[in-house]
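Notes follow the structure.
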Amino acid sequence: MKYDIIIIGGGLSGLTAGIALANAGKRVCIVSAGQSSLHFHSGSFDLLGYDARGEVVEHPLDAVGQLGPEHPYSRLGKSGVQRLAAEAKRLFNRAGISVSGDAIANHYRLSPVGAMKPAWLTIGGFVHSSSGTSLPWKRAEILNIQGFLDFPTQFLAASLKALGVDCQVKSFTTDELSRARKSPTEMRATNIAKVLVDKDSLRKVADRINAISGNADVLLLPAVLGFSDGQSLDDLKAWVKRPVQYVATLPPSVSGVRTAVLLKRLFAQLGGTMLVGDVANGGQFKDGRLVSITTEHLPDEVLYADEFILASGSFMSHGLKSNYEGVFEPVFGLDVDASGNRGDWTRESLFDAQPYMEYGVHTDEAFRTFKNGNTIDNLYAVGSVLSGHNSIRQADGTGVSLLTAFG
Amino acid sequence: MDRNISKCYDVIVVGGGITGAGTARDCAMRGLSVLLVEKFDFTNGATGRNHGLLHSGARYAVTDSESASECIRENMILRKIARHCVEETDGLFITLPEDDISFQGTFVEACRRAGIRADIISPEEARRIEPSVNPSLIGAVRVPDASVDPFHLTTANILDARAHGADVLSYHEVVGILQENGRVGGVRVRNNHNGEESEMRARLVINAAGIWGHSIARMAGVTVNMFPAKGTLLVFGHRVNNMVINRCRKPANADILVPDDAVCVIGTTSDRVGYDTVDNLEITPGEVDILIKEGEKLAPALASTRILRAYAGVRPLVAADNDPSGRSISRGIVCLDHESRDGLAGLITITGGKMMTYRLMAEMATDLACKKLGVSKPCRTATAPLPGTGGTDGDRPGKFYSTAHNAARGRQGNRVREIEEQRAEDRALVCECEEVSVGEVKYAISQLHVHDLVNLRRRTRVGMGTCQGELCACRAAGVMCETGKEAREALADLGSFLNERWKGMRPVAWGSTLDESQLTATIYGGLCGVDRLAVDD
């Protein structure tokens, strides 16, 4: 098979790149292993949330200039970041993912345990606030589904109280949800979302909520609705008498899965091809170019393309691997930016800036990769597989994924 | 927690490891009034940081026949009284091509002298019964080694001590020894949760504080010459072997591989360390390297098995009184009567020995205590089953039970019937790796002295599985809030628990363990911002 472009990795970055290129009329194929870091999504996308010292960034575009030269944004420049951020927002809207926020100023999202974290775009219906130290309500009710452990209501309530919001915690169930609970492993966010895809089941949830909720300014619900589109979120909002807002749960993230579904749908509409559940396992190089790749499930098939994009993610997505001796890029053996000394990889506290988080594939100004010190002219890297940024410390992961993907 | 301040106990036992727990149980069963004090959590010291090996004694047969005989006797006793903590795996002593096969004869002869069944089997037979064993072995001996869970064993002893009237205080640290007229009359303790100090009186104090017994003795003005020996171990992500695998040679570094529940453990190194390091042991890359290298010789599959974490403990080795330099260190049991030894009445030190000879150590200390207190009741701990093994089996044969129920049964034994599992809420799983239900977590909180997530892990295995606490930590913290813990405190505890897990993962942070760490940091740092909330405090 011959494509214009083959993308390795079907997460946020790979899908974004795929959509942009398919939209430009290219024949694109994405090789996707399946799960991606979208399964740990918060309901918001971040561009740049914290600076190098860990201080909150209020104006991400202004802070781009302060990043070190190794950061992917530094190669895009402030104007590049601004332009691509706007493009990413348009892409979301086109895919049917309604988001609010902009790159000029961060707003704040409410984390599953009640922390206020800076964010760039937040999906419609989720809690967001223009201030990191206050919320726009006096009284809130947190409503959880009985037996759902991945929504730590006590932590949320304590945080809301600290932010000056009077808060009550209640729980409810319906026959359908109780049935799901019979199996102790069924009470996960995505499983609940599947149960509530059914309109009648959702209607009963709305009825229960109306029966137990008082007259708080807002009802906060776990974000367990809308597996493949946003319809059920809108339905519930319409049926419940009090204003409803959603708070992210512990993984798996329903909003993340939905984002992936909607982006895949758009990619398919634009004529893109997706090899799902398959993994690229090697490539054939000639004269400083990647000619073709092979995959695990199609051992006899060689996939050719003019250009290739590596969007395979960081360690947790297996775009990077490590062993006793070092860090490596597993598909092509590309050059990586990483210390060869294992002792340098980590720091004592889990939440410190861990050096390994910044490890990744070495690229040039145009995000072209290297192998044995030589540029691969037609193999680009995008997203979390890139070196030079720490998506957890700086809250720039989704931004890097989206923006470099347009490059 | 300062109840009974005015009460004078017969005995105060210092140290909540297995020796202290066993001693408290023995004393209580003989009708003494007992207080057990532990400065942090039970099993926090060497008890919770060893192989979990129920030695047959074979390892010591050639070099220390007394220890070997003690081991095999205690081995057979624990199989009966603590059945729910023991897994009868048997063990192999293998000879590799680089080893001297003639040692095998000496070894088997010594085992038999010590009363340890030791059967020479062919390499083919060894490969058949233990497929993970190094296939190039040239000899094998089968012995009655087994695997034992020191956490549950300690818990069971504490529960039985309590059932026989003992008072038990964790997070109470001895900061002084009360003395009157040349005899010890109690201890001064500090509550390590709130810093409050109080005095506890007793006719006798038994120092069972492991390596920390060194400073307890010093507080009383006597000297026990202890030499801390650090042992480092590695936990592998799944159970590669079903039998304990040892090398058939004189004891050396990293030559025991023990299956423990769903994982296996290789160890240990042995290095003398400074006394000032015992509260914060560092694991070096050199130790990790040697454990991996030697482990692969026992079971080559370890080379491709994920390493979950590394941990280290300190053996409380004691130098003979006539050898202050510590050259002739004994690994045997040391029971010191400070009255006859140092002229200080009211203080006994029980130390040395091994985790699995704790019962014998407790018996020796309690015999001495009874003699001093004029009590003549005989020791019954060798025959009375521990809670979990004793009690009635509530499960009906043929009835279907959930996997979480069966997993809890493996941990808590017959006490599983005390776990609430009628309501769906209580059946929900907190930890999927180890199948721990909300009901079991609540049981542990209410019955097993659980104050924080690390305590909970030791009682229930929450967060011990392959994910090392990825989601279960937050769920368990949530359940702790429901049972009355303040939310801010529970969040801070969650942060400490994750860091405690990281401490063990960091020395082996490559491959899947590094991937998993990034995932944990993504969930708790990136998604949740647990670190940010801690900063706000």
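Identifiers in this document derive from the order of the structure tokens: chains are assigned A, B, ..., residues are numbered from 1 separately in each chain, and ligands are numbered from 1 in order of occurrence.
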
Could you give me, as CSV, every chain A residue with an atom at most 6 Å from chain B, plus its closest atom pair and distance in Å to one decimal, counting only C-alpha atoms, rows ordered by chain then number?
```
residue,atom,partner,partner_atom,distance
A:Ser42,CA,B:Leu527,CA,5.8
A:Ser111,CA,B:Cys528,CA,5.0
A:Pro112,CA,B:Cys528,CA,5.6
A:Val113,CA,B:Cys528,CA,5.8
A:Ala115,CA,B:Gly529,CA,5.8
A:Gly147,CA,B:Glu425,CA,4.9
A:Leu149,CA,B:Arg475,CA,5.7
A:Pro152,CA,B:Gly478,CA,5.8
A:Phe155,CA,B:Ala487,CA,5.5
A:Pro184,CA,B:Ala428,CA,4.6
A:Phe315,CA,B:Asp515,CA,5.0
A:Met316,CA,B:Asp515,CA,4.5
A:Ser322,CA,B:Gly511,CA,4.8
A:Asn323,CA,B:Gly511,CA,4.9
A:Leu350,CA,B:Asn499,CA,5.6
A:Ile392,CA,B:Gly526,CA,4.8
```

Gly230 of chain A environment, 12 Å, only C-alpha atoms, sequence neighbours closer than 2 positions dropped, as a PyMOL selection string: chain A and resi 95-99+123-126+193+197+223-228+232-237+254-259+261-262

Dump of N, CA and C atoms for the selected residues, as a CSV table (one decimal), in the first residue's frame:
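Writing done, so here's again-v2.csv:
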```
chain,number,residue,atom,x,y,z
A,95,ALA,N,-14.9,19.0,14.6
A,95,ALA,CA,-15.1,17.6,15.0
A,95,ALA,C,-16.3,17.4,15.9
A,96,GLY,N,-16.9,18.5,16.3
A,96,GLY,CA,-18.1,18.4,17.2
A,96,GLY,C,-17.7,18.4,18.7
A,97,ILE,N,-16.5,18.9,19.0
A,97,ILE,CA,-16.0,18.9,20.4
A,97,ILE,C,-16.1,20.4,20.8
A,98,SER,N,-17.1,20.7,21.6
A,98,SER,CA,-17.3,22.2,21.9
A,98,SER,C,-16.4,22.5,23.0
A,99,VAL,N,-15.6,23.5,22.8
A,99,VAL,CA,-14.6,23.9,23.8
A,99,VAL,C,-14.7,25.4,24.0
A,123,ILE,N,-13.8,21.5,27.7
A,123,ILE,CA,-15.0,21.0,27.0
A,123,ILE,C,-16.3,21.5,27.6
A,124,GLY,N,-17.2,21.7,26.8
A,124,GLY,CA,-18.5,22.3,27.2
A,124,GLY,C,-19.2,21.5,28.3
A,125,GLY,N,-19.7,22.1,29.4
A,125,GLY,CA,-20.3,21.4,30.4
A,125,GLY,C,-19.5,21.2,31.7
A,126,PHE,N,-18.1,21.2,31.5
A,126,PHE,CA,-17.2,21.0,32.6
A,126,PHE,C,-17.1,22.3,33.4
A,193,ALA,N,-20.9,5.1,31.5
A,193,ALA,CA,-21.2,5.8,30.3
A,193,ALA,C,-22.0,4.9,29.3
A,197,VAL,N,-25.9,5.4,27.9
A,197,VAL,CA,-26.2,5.8,26.5
A,197,VAL,C,-27.7,5.6,26.2
A,223,ALA,N,-18.1,13.2,35.4
A,223,ALA,CA,-18.2,13.3,34.0
A,223,ALA,C,-18.2,11.8,33.4
A,224,VAL,N,-19.4,11.2,33.5
A,224,VAL,CA,-19.5,9.8,33.1
A,224,VAL,C,-20.5,9.7,32.0
A,225,LEU,N,-20.8,10.8,31.3
A,225,LEU,CA,-21.8,10.7,30.2
A,225,LEU,C,-21.1,11.0,28.9
A,226,GLY,N,-21.7,10.5,27.8
A,226,GLY,CA,-21.3,10.9,26.5
A,226,GLY,C,-20.1,10.1,25.9
A,227,PHE,N,-20.4,8.8,25.7
A,227,PHE,CA,-19.3,7.9,25.3
A,227,PHE,C,-18.9,8.3,23.8
A,228,SER,N,-19.8,8.5,23.0
A,228,SER,CA,-19.5,8.7,21.6
A,228,SER,C,-19.9,10.1,21.0
A,232,SER,N,-25.9,13.0,25.4
A,232,SER,CA,-26.4,12.7,26.7
A,232,SER,C,-26.1,13.8,27.7
A,233,LEU,N,-25.0,14.5,27.5
A,233,LEU,CA,-24.7,15.6,28.4
A,233,LEU,C,-25.8,16.7,28.3
A,234,ASP,N,-26.1,17.0,27.0
A,234,ASP,CA,-27.1,18.0,26.8
A,234,ASP,C,-28.5,17.5,27.3
A,235,ASP,N,-28.8,16.3,27.1
A,235,ASP,CA,-30.1,15.7,27.5
A,235,ASP,C,-30.3,15.9,29.0
A,236,LEU,N,-29.3,15.4,29.7
A,236,LEU,CA,-29.4,15.5,31.2
A,236,LEU,C,-29.5,16.9,31.7
A,237,LYS,N,-28.7,17.8,31.0
A,237,LYS,CA,-28.8,19.2,31.4
A,237,LYS,C,-30.2,19.8,31.2
A,254,VAL,N,-14.1,9.5,30.3
A,254,VAL,CA,-15.2,9.5,29.3
A,254,VAL,C,-15.0,10.6,28.2
A,255,SER,N,-14.7,11.8,28.7
A,255,SER,CA,-14.5,12.9,27.8
A,255,SER,C,-13.3,12.7,26.9
A,256,GLY,N,-12.3,12.0,27.4
A,256,GLY,CA,-11.1,11.7,26.5
A,256,GLY,C,-11.5,10.7,25.5
A,257,VAL,N,-12.2,9.6,25.9
A,257,VAL,CA,-12.7,8.6,24.9
A,257,VAL,C,-13.5,9.3,23.8
A,258,ARG,N,-14.4,10.2,24.3
A,258,ARG,CA,-15.3,10.8,23.3
A,258,ARG,C,-14.5,11.7,22.4
A,259,THR,N,-13.5,12.4,22.9
A,259,THR,CA,-12.7,13.2,22.0
A,259,THR,C,-12.0,12.4,21.0
A,261,VAL,N,-13.1,9.5,19.8
A,261,VAL,CA,-14.1,9.0,18.9
A,261,VAL,C,-14.4,10.0,17.9
A,262,LEU,N,-14.6,11.3,18.3
A,262,LEU,CA,-15.0,12.3,17.4
A,262,LEU,C,-13.9,12.7,16.5
```

Residues within 9 Å of Leu92 of chain B, only C-alpha atoms, excluding chain neighbours under 6 positions, as a ChimeraX atom specification: /B:126,130,140-145,243-248

What does the file look like for those residues with C-alpha atoms, as a short mmCIF file (atom, residue, chain, number, x, y, z; two decimals), in the first residue's frame?
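This is the output file selection_0.cif:
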```
data_model
loop_
_atom_site.label_atom_id
_atom_site.label_comp_id
_atom_site.auth_asym_id
_atom_site.auth_seq_id
_atom_site.Cartn_x
_atom_site.Cartn_y
_atom_site.Cartn_z
CA ALA B 126 13.68 -30.49 39.42
CA GLU B 130 9.75 -26.20 39.06
CA ALA B 140 18.88 -30.48 43.28
CA VAL B 141 17.68 -31.19 46.80
CA ARG B 142 14.05 -30.80 47.84
CA VAL B 143 13.39 -29.41 51.33
CA PRO B 144 10.30 -28.19 53.24
CA ASP B 145 10.85 -24.44 52.71
CA MET B 243 8.84 -23.30 44.89
CA VAL B 244 11.49 -21.48 46.85
CA ILE B 245 14.77 -21.71 44.91
CA ASN B 246 18.10 -21.58 46.78
CA ARG B 247 21.69 -22.23 45.80
CA CYS B 248 23.24 -25.35 47.28
#
```

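Taking atom CA of Ser349 of chain A and atom CA of Lys161 of chain A as the two end points, the separation is 28.6 Å.
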
Going by DSSP on the backbone, which bits of segment 203-323 of chain A are strand (DSSP E)? Write them as an NGL selection string, please. :A and (218-222 or 244-247 or 273-276 or 280-286 or 289-295 or 303-310 or 321-322)

Env of Thr349 of chain B: 8 Å cut, atoms = only C-alpha atoms, seq-sep filter 5 positions within chain, self excluded. Answer as number ranges by chain. B: 206-208, 213, 217, 334-338, 365

Apply DSSP to the structure's backbone, then extract all residues of segment 10-177 of chain A labelled alpha helix (DSSP H) and return them as JSON, numbers by chain. {"A": [12, 13, 14, 15, 16, 17, 18, 19, 20, 21, 22, 23, 60, 61, 62, 63, 64, 72, 73, 74, 75, 76, 77, 78, 79, 80, 81, 82, 83, 84, 85, 86, 87, 88, 89, 90, 91, 92, 93, 94, 95, 153, 154, 155, 156, 157, 158, 159, 160, 161, 162, 175, 176, 177]}

Output file for the selection above: N, CA and C atoms, as a compact mmCIF listing (two decimals), in the first residue's frame:
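Saved result, again_23.txt, follows:
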```
# COMPACT_ATOMS: atom_id res chain seq x y z
N LEU A 12 -3.97 11.96 20.53
CA LEU A 12 -4.37 13.33 20.20
C LEU A 12 -3.50 13.91 19.08
N SER A 13 -2.20 13.69 19.18
CA SER A 13 -1.29 14.29 18.21
C SER A 13 -1.42 13.64 16.83
N GLY A 14 -1.45 12.31 16.82
CA GLY A 14 -1.55 11.60 15.55
C GLY A 14 -2.86 11.91 14.83
N LEU A 15 -3.95 11.94 15.59
CA LEU A 15 -5.26 12.23 14.98
C LEU A 15 -5.31 13.65 14.45
N THR A 16 -4.77 14.59 15.21
CA THR A 16 -4.77 15.99 14.78
C THR A 16 -3.98 16.14 13.49
N ALA A 17 -2.81 15.56 13.45
CA ALA A 17 -1.98 15.64 12.25
C ALA A 17 -2.72 14.99 11.08
N GLY A 18 -3.35 13.84 11.36
CA GLY A 18 -4.07 13.12 10.31
C GLY A 18 -5.20 13.95 9.73
N ILE A 19 -5.94 14.60 10.61
CA ILE A 19 -7.07 15.41 10.14
C ILE A 19 -6.57 16.60 9.32
N ALA A 20 -5.54 17.28 9.83
CA ALA A 20 -5.03 18.45 9.12
C ALA A 20 -4.54 18.06 7.72
N LEU A 21 -3.87 16.92 7.63
CA LEU A 21 -3.30 16.52 6.34
C LEU A 21 -4.37 15.98 5.40
N ALA A 22 -5.31 15.21 5.95
CA ALA A 22 -6.39 14.69 5.11
C ALA A 22 -7.23 15.85 4.59
N ASN A 23 -7.39 16.85 5.44
CA ASN A 23 -8.15 18.04 5.03
C ASN A 23 -7.44 18.78 3.90
N PRO A 60 -0.38 32.35 28.59
CA PRO A 60 0.53 31.37 27.99
C PRO A 60 1.34 31.93 26.82
N LEU A 61 0.71 32.73 25.97
CA LEU A 61 1.44 33.22 24.79
C LEU A 61 2.63 34.07 25.22
N ASP A 62 2.40 34.89 26.26
CA ASP A 62 3.49 35.74 26.73
C ASP A 62 4.63 34.92 27.32
N ALA A 63 4.27 33.75 27.87
CA ALA A 63 5.28 32.94 28.55
C ALA A 63 6.10 32.08 27.59
N VAL A 64 5.65 31.97 26.34
CA VAL A 64 6.37 31.13 25.38
C VAL A 64 7.81 31.60 25.22
N PRO A 72 9.62 22.46 22.47
CA PRO A 72 9.06 22.47 21.12
C PRO A 72 8.43 23.81 20.74
N TYR A 73 7.83 24.51 21.70
CA TYR A 73 7.21 25.81 21.37
C TYR A 73 8.24 26.82 20.89
N SER A 74 9.47 26.70 21.39
CA SER A 74 10.47 27.68 21.02
C SER A 74 10.76 27.62 19.52
N ARG A 75 10.53 26.46 18.92
CA ARG A 75 10.74 26.34 17.48
C ARG A 75 9.57 26.90 16.70
N LEU A 76 8.39 26.98 17.36
CA LEU A 76 7.22 27.54 16.69
C LEU A 76 7.18 29.05 16.84
N GLY A 77 7.74 29.54 17.93
CA GLY A 77 7.70 30.98 18.19
C GLY A 77 6.33 31.39 18.70
N LYS A 78 6.28 32.59 19.32
CA LYS A 78 5.01 33.04 19.89
C LYS A 78 3.92 33.14 18.83
N SER A 79 4.26 33.68 17.67
CA SER A 79 3.22 33.85 16.64
C SER A 79 2.78 32.50 16.10
N GLY A 80 3.74 31.57 16.00
CA GLY A 80 3.38 30.22 15.55
C GLY A 80 2.43 29.56 16.53
N VAL A 81 2.75 29.68 17.82
CA VAL A 81 1.90 29.08 18.84
C VAL A 81 0.50 29.69 18.77
N GLN A 82 0.44 31.03 18.61
CA GLN A 82 -0.86 31.70 18.56
C GLN A 82 -1.69 31.23 17.36
N ARG A 83 -1.05 31.14 16.22
CA ARG A 83 -1.75 30.74 15.00
C ARG A 83 -2.23 29.29 15.12
N LEU A 84 -1.34 28.42 15.60
CA LEU A 84 -1.68 26.99 15.66
C LEU A 84 -2.72 26.72 16.74
N ALA A 85 -2.66 27.51 17.82
CA ALA A 85 -3.66 27.34 18.88
C ALA A 85 -5.05 27.64 18.34
N ALA A 86 -5.14 28.69 17.54
CA ALA A 86 -6.43 29.04 16.95
C ALA A 86 -6.89 27.94 16.00
N GLU A 87 -5.94 27.39 15.26
CA GLU A 87 -6.28 26.31 14.32
C GLU A 87 -6.79 25.08 15.06
N ALA A 88 -6.14 24.78 16.19
CA ALA A 88 -6.55 23.61 16.97
C ALA A 88 -7.98 23.78 17.47
N LYS A 89 -8.30 24.99 17.91
CA LYS A 89 -9.64 25.25 18.42
C LYS A 89 -10.68 25.07 17.31
N ARG A 90 -10.35 25.54 16.11
CA ARG A 90 -11.26 25.37 14.97
C ARG A 90 -11.46 23.89 14.66
N LEU A 91 -10.37 23.14 14.77
CA LEU A 91 -10.45 21.71 14.48
C LEU A 91 -11.38 21.00 15.46
N PHE A 92 -11.29 21.38 16.74
CA PHE A 92 -12.19 20.79 17.73
C PHE A 92 -13.64 21.08 17.38
N ASN A 93 -13.91 22.34 17.07
CA ASN A 93 -15.28 22.71 16.75
C ASN A 93 -15.79 21.92 15.55
N ARG A 94 -14.93 21.76 14.57
CA ARG A 94 -15.33 21.05 13.37
C ARG A 94 -15.63 19.58 13.69
N ALA A 95 -14.88 19.03 14.64
CA ALA A 95 -15.08 17.63 15.00
C ALA A 95 -16.29 17.44 15.91
N THR A 153 -15.58 12.32 46.23
CA THR A 153 -16.44 13.45 46.62
C THR A 153 -15.95 14.17 47.87
N GLN A 154 -15.37 13.42 48.83
CA GLN A 154 -14.94 14.06 50.07
C GLN A 154 -13.83 15.07 49.81
N PHE A 155 -12.93 14.71 48.90
CA PHE A 155 -11.83 15.62 48.56
C PHE A 155 -12.36 16.85 47.85
N LEU A 156 -13.28 16.62 46.92
CA LEU A 156 -13.88 17.74 46.19
C LEU A 156 -14.58 18.68 47.15
N ALA A 157 -15.37 18.08 48.06
CA ALA A 157 -16.14 18.90 48.99
C ALA A 157 -15.21 19.76 49.85
N ALA A 158 -14.14 19.15 50.34
CA ALA A 158 -13.20 19.89 51.19
C ALA A 158 -12.59 21.05 50.41
N SER A 159 -12.24 20.79 49.14
CA SER A 159 -11.62 21.85 48.34
C SER A 159 -12.62 22.97 48.05
N LEU A 160 -13.86 22.58 47.74
CA LEU A 160 -14.86 23.60 47.47
C LEU A 160 -15.08 24.48 48.70
N LYS A 161 -15.14 23.83 49.87
CA LYS A 161 -15.31 24.61 51.10
C LYS A 161 -14.16 25.59 51.27
N ALA A 162 -12.94 25.12 50.98
CA ALA A 162 -11.77 26.00 51.10
C ALA A 162 -11.87 27.17 50.12
N ASP A 175 -32.17 1.52 38.95
CA ASP A 175 -32.14 0.06 38.76
C ASP A 175 -31.03 -0.34 37.80
N GLU A 176 -30.89 0.43 36.72
CA GLU A 176 -29.89 0.07 35.71
C GLU A 176 -28.47 0.18 36.30
N LEU A 177 -28.26 1.26 37.07
CA LEU A 177 -26.92 1.45 37.66
C LEU A 177 -26.66 0.40 38.74
```

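For Leu220 of chain A, the residues within 7 Å (counting only C-alpha atoms, excluding itself and residues fewer than 4 positions away along the chain) are Glu141, Ile142, Leu143, Val244, Gln245, Tyr246 and Val247 of chain A.
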
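Of the residues listed (B:Val263, B:Ala345, B:Cys71, B:Leu32), B:Val263 shows the shortest atom-to-atom separation from Thr305 of chain B; distances use only C-alpha atoms.
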
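Interatomic distance, atom CA of Pro243 of chain A to atom CA of Val127 of chain A: 11.4 Å.
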
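From atom CA of Leu219 of chain A back to atom CA of Asp200 of chain A, the distance works out to 20.9 Å.
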
Quick one: residues within 10 Å of Val240 of chain B, only C-alpha atoms counted, chain neighbours fewer than 6 positions away excluded, as a ChimeraX atom specification? /B:130-133,257-259,262-265,299-302,305
